[in-house]
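Student: Sharing run07.pdb, PDB, C-alpha atoms, pLDDT in the B column:
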ATOM      1  CA  MET H  14     158.814 123.632 105.536  1.00 51.00           C
ATOM      2  CA  HIS H  15     161.708 125.950 104.866  1.00 56.00           C
ATOM      3  CA  LEU H  16     161.130 129.137 102.943  1.00 58.00           C
ATOM      4  CA  LEU H  17     163.833 130.236 100.573  1.00 61.00           C
ATOM      5  CA  ALA H  18     165.086 133.759 100.953  1.00 56.00           C
ATOM      6  CA  ALA H  19     164.547 136.084  98.052  1.00 56.00           C
ATOM      7  CA  PRO H  20     167.656 136.604  95.984  1.00 62.00           C
ATOM      8  CA  SER H  21     169.432 139.808  96.842  1.00 59.00           C
ATOM      9  CA  THR H  22     169.163 142.608  94.344  1.00 60.00           C
ATOM     10  CA  ARG H  23     172.383 143.794  92.882  1.00 61.00           C
ATOM     11  CA  THR H  24     173.366 146.657  90.649  1.00 62.00           C
ATOM     12  CA  VAL H  25     174.117 145.774  87.067  1.00 60.00           C
ATOM     13  CA  GLU H  26     177.438 147.250  86.081  1.00 66.00           C
ATOM     14  CA  ARG H  27     177.545 146.019  82.494  1.00 71.00           C
ATOM     15  CA  PHE H  28     175.781 143.704  80.104  1.00 78.00           C
ATOM     16  CA  GLU H  29     177.613 140.899  78.381  1.00 84.00           C
ATOM     17  CA  LEU H  30     176.396 139.147  75.239  1.00 84.00           C
ATOM     18  CA  THR H  31     178.096 136.041  73.921  1.00 89.00           C
ATOM     19  CA  THR H  32     177.186 134.866  70.426  1.00 89.00           C
ATOM     20  CA  ARG H  33     177.160 131.262  69.195  1.00 91.00           C
ATOM     21  CA  ASP H  34     180.458 131.660  67.430  1.00 90.00           C
ATOM     22  CA  GLY H  35     182.140 132.781  70.650  1.00 88.00           C
ATOM     23  CA  ARG H  36     182.327 136.527  70.167  1.00 90.00           C
ATOM     24  CA  THR H  37     181.570 138.574  73.271  1.00 89.00           C
ATOM     25  CA  TYR H  38     180.064 142.059  73.297  1.00 87.00           C
ATOM     26  CA  TRP H  39     180.053 144.282  76.394  1.00 86.00           C
ATOM     27  CA  TYR H  40     177.498 147.004  76.938  1.00 82.00           C
ATOM     28  CA  PRO H  41     177.819 149.687  79.623  1.00 82.00           C
ATOM     29  CA  GLN H  42     175.311 150.190  82.434  1.00 80.00           C
ATOM     30  CA  PRO H  43     172.261 152.148  81.256  1.00 81.00           C
ATOM     31  CA  THR H  44     172.182 155.798  82.209  1.00 87.00           C
ATOM     32  CA  TRP H  45     169.360 157.373  84.209  1.00 90.00           C
ATOM     33  CA  LEU H  46     168.047 158.810  80.943  1.00 93.00           C
ATOM     34  CA  ASP H  47     167.895 155.330  79.373  1.00 88.00           C
ATOM     35  CA  ARG H  48     166.137 153.885  82.415  1.00 87.00           C
ATOM     36  CA  SER H  49     163.628 156.745  82.563  1.00 92.00           C
ATOM     37  CA  ALA H  50     162.899 156.382  78.828  1.00 91.00           C
ATOM     38  CA  VAL H  51     162.175 152.670  79.280  1.00 89.00           C
ATOM     39  CA  TRP H  52     160.000 153.446  82.312  1.00 90.00           C
ATOM     40  CA  LEU H  53     158.016 156.101  80.413  1.00 92.00           C
ATOM     41  CA  HIS H  54     157.573 153.747  77.472  1.00 91.00           C
ATOM     42  CA  SER H  55     156.218 151.040  79.774  1.00 90.00           C
ATOM     43  CA  ILE H  56     153.622 153.496  81.093  1.00 92.00           C
ATOM     44  CA  ALA H  57     152.767 155.198  77.805  1.00 93.00           C
ATOM     45  CA  GLU H  58     152.034 152.044  75.832  1.00 92.00           C
ATOM     46  CA  PRO H  59     149.101 150.819  77.989  1.00 92.00           C
ATOM     47  CA  ALA H  60     147.815 154.399  78.250  1.00 94.00           C
ATOM     48  CA  VAL H  61     147.690 154.715  74.449  1.00 94.00           C
ATOM     49  CA  ILE H  62     145.930 151.368  74.098  1.00 95.00           C
ATOM     50  CA  SER H  63     143.374 152.373  76.741  1.00 96.00           C
ATOM     51  CA  ALA H  64     142.760 155.697  75.000  1.00 96.00           C
ATOM     52  CA  VAL H  65     142.190 153.954  71.665  1.00 97.00           C
ATOM     53  CA  VAL H  66     139.729 151.481  73.210  1.00 97.00           C
ATOM     54  CA  LEU H  67     137.810 154.275  74.944  1.00 97.00           C
ATOM     55  CA  GLY H  68     137.738 156.248  71.688  1.00 96.00           C
ATOM     56  CA  LEU H  69     136.312 153.254  69.834  1.00 96.00           C
ATOM     57  CA  ILE H  70     133.638 152.794  72.500  1.00 96.00           C
ATOM     58  CA  TYR H  71     132.685 156.471  72.286  1.00 96.00           C
ATOM     59  CA  PHE H  72     132.600 156.334  68.476  1.00 95.00           C
ATOM     60  CA  ALA H  73     130.417 153.205  68.539  1.00 93.00           C
ATOM     61  CA  GLY H  74     127.986 154.937  70.918  1.00 91.00           C
ATOM     62  CA  ALA H  75     127.739 157.955  68.618  1.00 89.00           C
ATOM     63  CA  ILE H  76     127.079 155.706  65.620  1.00 90.00           C
ATOM     64  CA  VAL H  77     124.345 153.804  67.504  1.00 87.00           C
ATOM     65  CA  GLU H  78     122.648 157.067  68.486  1.00 86.00           C
ATOM     66  CA  ALA H  79     122.715 158.190  64.854  1.00 83.00           C
ATOM     67  CA  ILE H  80     121.322 154.906  63.513  1.00 83.00           C
ATOM     68  CA  GLU H  81     118.623 154.377  66.158  1.00 79.00           C
ATOM     69  CA  PRO H  82     116.067 156.803  64.639  1.00 74.00           C
ATOM     70  CA  LEU H  83     116.462 155.127  61.258  1.00 74.00           C
ATOM     71  CA  ALA H  84     115.579 151.742  62.709  1.00 69.00           C
ATOM     72  CA  SER H  85     112.518 153.045  64.539  1.00 67.00           C
ATOM     73  CA  ASP H  86     111.279 154.863  61.407  1.00 62.00           C
ATOM     74  CA  THR H  87     111.486 151.634  59.442  1.00 57.00           C
ATOM     75  CA  CYS H  88     109.370 149.822  62.004  1.00 55.00           C
ATOM     76  CA  ARG H  89     106.692 152.525  61.974  1.00 58.00           C
ATOM     77  CA  ASN H  90     106.484 152.726  58.173  1.00 55.00           C
ATOM     78  CA  SER H  91     106.204 149.003  57.482  1.00 54.00           C
ATOM     79  CA  GLY H  92     102.818 148.592  59.170  1.00 53.00           C
ATOM     80  CA  THR H  93     103.312 144.944  60.109  1.00 54.00           C
ATOM     81  CA  TYR H  94     106.040 145.493  62.656  1.00 52.00           C
ATOM     82  CA  GLY H  95     105.958 147.830  65.548  1.00 52.00           C
ATOM     83  CA  PRO H  96     104.545 148.220  68.993  1.00 56.00           C
ATOM     84  CA  ILE H  97     101.305 146.462  69.830  1.00 57.00           C
ATOM     85  CA  THR H  98      98.633 148.958  70.766  1.00 60.00           C
ATOM     86  CA  ASN H  99      95.358 148.420  72.607  1.00 57.00           C
ATOM     87  CA  THR H 100      93.356 149.015  69.434  1.00 57.00           C
ATOM     88  CA  SER H 101      95.043 146.118  67.649  1.00 51.00           C
ATOM     89  CA  LEU H 102      94.092 143.752  70.492  1.00 52.00           C
ATOM     90  CA  GLN H 103      90.375 144.581  70.461  1.00 54.00           C
ATOM     91  CA  ARG H 104      87.993 142.097  68.857  1.00 54.00           C
ATOM     92  CA  ARG H 105      86.108 143.226  65.859  1.00 52.00           C
TER      93      ARG H 105
END
Before we go any further, please render this structure as structure tokens.
Tutor:
Amino acid sequence: MHLLAAPSTRTVERFELTTRDGRTYWYPQPTWLDRSAVWLHSIAEPAVISAVVLGLIYFAGAIVEAIEPLASDTCRNSGTYGPITNTSLQRR
């Protein structure tokens, strides 16, 4: 089995765009500032999404902690629901 060699990397000197009607547009090679902006954008986007997800998780935890006492108060006040105690299991 023969392994194919990886294609050699080459420097892009310009970009060429040909439209359907035959017009051709040439774009110069991106500058180091353009390349660094694209690189920073590729890093910043997942970081922002991760920060939003972590913020939502933290916010959901704070809401659950605030609501938990309300749920336990409802169980204690209803009388029919709640923890089973030893006195309720004794025969009368």
Student: Provide the CA of Arg48 in chain H to CA of Arg27 in chain H distance in Å, to one decimal place.
Tutor: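 Those two atoms sit 13.9 Å apart.
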Student: Expressed in Å to a single decimal, how great is the separation between CA of Asp47 in chain H and CA of Phe28 in chain H?
Tutor: 14.1 Å
Student: How many Å lie between CA of Leu30 in chain H and CA of Ala57 in chain H, rounded to one decimal?
Tutor: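 Taking CA of Leu30 in chain H and CA of Ala57 in chain H, their separation equals 28.7 Å.
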Student: Range 53-74 of chain H near range 78-84 of chain H within 12 Å: what's each residue's closest atom pair and its distance in Å to one decimal, counting only C-alpha atoms, ordered by chain then ascending residue number, as CSV?
Tutor:
residue,atom,partner,partner_atom,distance
H:Tyr71,CA,H:Glu78,CA,10.7
H:Phe72,CA,H:Glu78,CA,10.0
H:Ala73,CA,H:Glu78,CA,8.7
H:Gly74,CA,H:Glu78,CA,6.2
